[in-house]
Each structure stands twice: as structure tokens, then as C-alpha cells.
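Visitor: I'd like to ask some things about the structure below.
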Amino acid sequence: MANTEFRWVIKPSQQIGAHLTALSGKAEAACDELAQYHASRGETLAKATTAYTDRTGNLRQSTYGVAEGTTIEIGATMEYAPDVELGTKHMAARPFLEPAAQVTATEYFDDAVKVVDGLLGGHS
């Protein structure tokens with residue numbers, strides 16, 4: 001006797017697909033907006049640190065937080081920023097970017113989950 005298979009295949013309708021696409025677009029737009037907010041907050045946190053003494057103010061002025069899409073970058077453009085952040089053989093590390101990035105990441109991810117959960121009606 002030949003092995004036969006009988007089945008029903010159910011695919012999402014175009015309406016469901018369109019709804020999921022719209023929901024995905026809303027989630028991405030909301031997370032883009034959140035990223036902008038948290039990038040600015042991360043910059044503020046990094047600039048507010050007391051981990052080092054900034055006699056000239058140059059390092060703080062060069063510190064930035066930017067978002068591109070849902071990606072956040074917190075950094076500093078002064079050439080000696082890595083030395084302050086990571087230390088050297090003559091100077092202990094005085095991290096100011098990494099602590100700000102950790103706090104920012106936690107807050108951003110928590111907020112993003114809340115946004116997506118809200119879009120799904122609290123059922124994520």
C-alpha cells in the first residue's frame with residue numbers, strides 16, 4: 001500500500017499579512033523614536049560622570065549620543081577619550097562611556113519591550 005498524505009495548509013491571508021506589516025512598521029517607528037530619546041539620555045549620563053576631572057571641558061564637549069534607526073551610539077571624539085575610558089600603563093581607567101551605555105541599554109530595551117507589548121495589546 002502506498003504511503004499517502006492528506007493535509008490542509010493554512011496560510012495567513014493578505015489581510016493578516018498587511019496588518020502584521022503595519023504593526024511591524026509602527027513598532028519600528030516607535031523604537032526609532034525611543035532610540036533618539038535614549039541616545040540623548042545616554043549622552044547626558046556620560047557627560048554627568050564624576051569618574052574623571054575634565055579641566056578644560058573638552059572631553060565632555062566631545063561626548064555624544066546619537067541614534068540611527070534603532071541603534072544607539074555613545075562616544076567621545078577627543079583623541080585621549082580611549083585613554084580615560086580604558087586607562088593606560090600610567091593611568092587607571094576612568095570609565096564614563098561604558099557605564100552610561102549600560103544604563104542606556106537597559107532602559108532602552110525595557111522601554112522598547114513596553115512599546116511592542118502595547119502594540120500587541122499587552123499580550124507579548
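Letters A, B, ... mark the chains of the C-alpha cells in the order given; residue numbers begin at 1 per chain; ligand numbers begin at 1, in order shown.
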Skipping near chain neighbours, those fewer than 4 positions away, what residues fall within 10 Å of stretch 59-66 of chain A using only C-alpha atoms, listed as a count of residues only?

Guide: 34

Visitor: Can you tell me which residues surround A:Leu120 at a distance of at most 10 Å, considering only C-alpha atoms, apart from same-chain residues fewer than 5 positions away, and format the answer as a list in words?

Guide: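 Result of the neighbour search: Leu23, Ala27, Lys114 and Val115 of chain A.
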
Visitor: When DSSP is applied to the backbone of this structure, which of chain A are assigned helix (DSSP H, G or I)? Write them out as a PyMOL selection string.

Guide: chain A and resi 14-47+58-62+81-86+97-119

Visitor: Please determine, counting only C-alpha atoms, which residue among A:Lys11, A:Arg94, A:His19, A:Lys26 has the shortest atom-to-atom distance to A:Pro82.

Guide: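 Answer, going by the shortest atom-to-atom distance: A:Arg94.
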
Visitor: Where does DSSP see strand (DSSP E) in chain A, if you list the residues as an mmCIF file with C-alpha atoms, in the first residue's frame?

Guide:
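The file below, states.cif, is the result:
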```
data_model
loop_
_atom_site.group_PDB
_atom_site.id
_atom_site.type_symbol
_atom_site.label_atom_id
_atom_site.label_comp_id
_atom_site.auth_asym_id
_atom_site.auth_seq_id
_atom_site.Cartn_x
_atom_site.Cartn_y
_atom_site.Cartn_z
ATOM 1 C CA THR A 63 30.933 63.346 24.229
ATOM 2 C CA TYR A 64 27.888 62.474 22.127
ATOM 3 C CA GLY A 65 24.906 60.182 21.904
ATOM 4 C CA VAL A 66 23.310 59.550 18.521
ATOM 5 C CA ALA A 67 20.772 57.125 17.138
ATOM 6 C CA GLU A 68 20.456 55.785 13.630
ATOM 7 C CA THR A 71 20.891 51.640 17.012
ATOM 8 C CA ILE A 72 22.352 53.942 19.667
ATOM 9 C CA GLU A 73 25.972 55.073 19.782
ATOM 10 C CA ILE A 74 27.530 56.815 22.781
ATOM 11 C CA GLY A 75 31.083 58.044 22.312
ATOM 12 C CA ALA A 76 33.591 60.855 22.503
#
```

Visitor: Have a look at atom CA of A:Ala51 and atom CA of A:Met91 and let me know their distance in Å, one decimal.

Guide: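 Between these atoms lies a distance of 12.8 Å.
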
Visitor: As an exercise, work out the distance from atom CA of A:Ala112 to atom CA of A:Ala30 in Å and give it to one decimal place.

Guide: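 Separating atom CA of A:Ala112 from atom CA of A:Ala30 is a distance of 8.0 Å.
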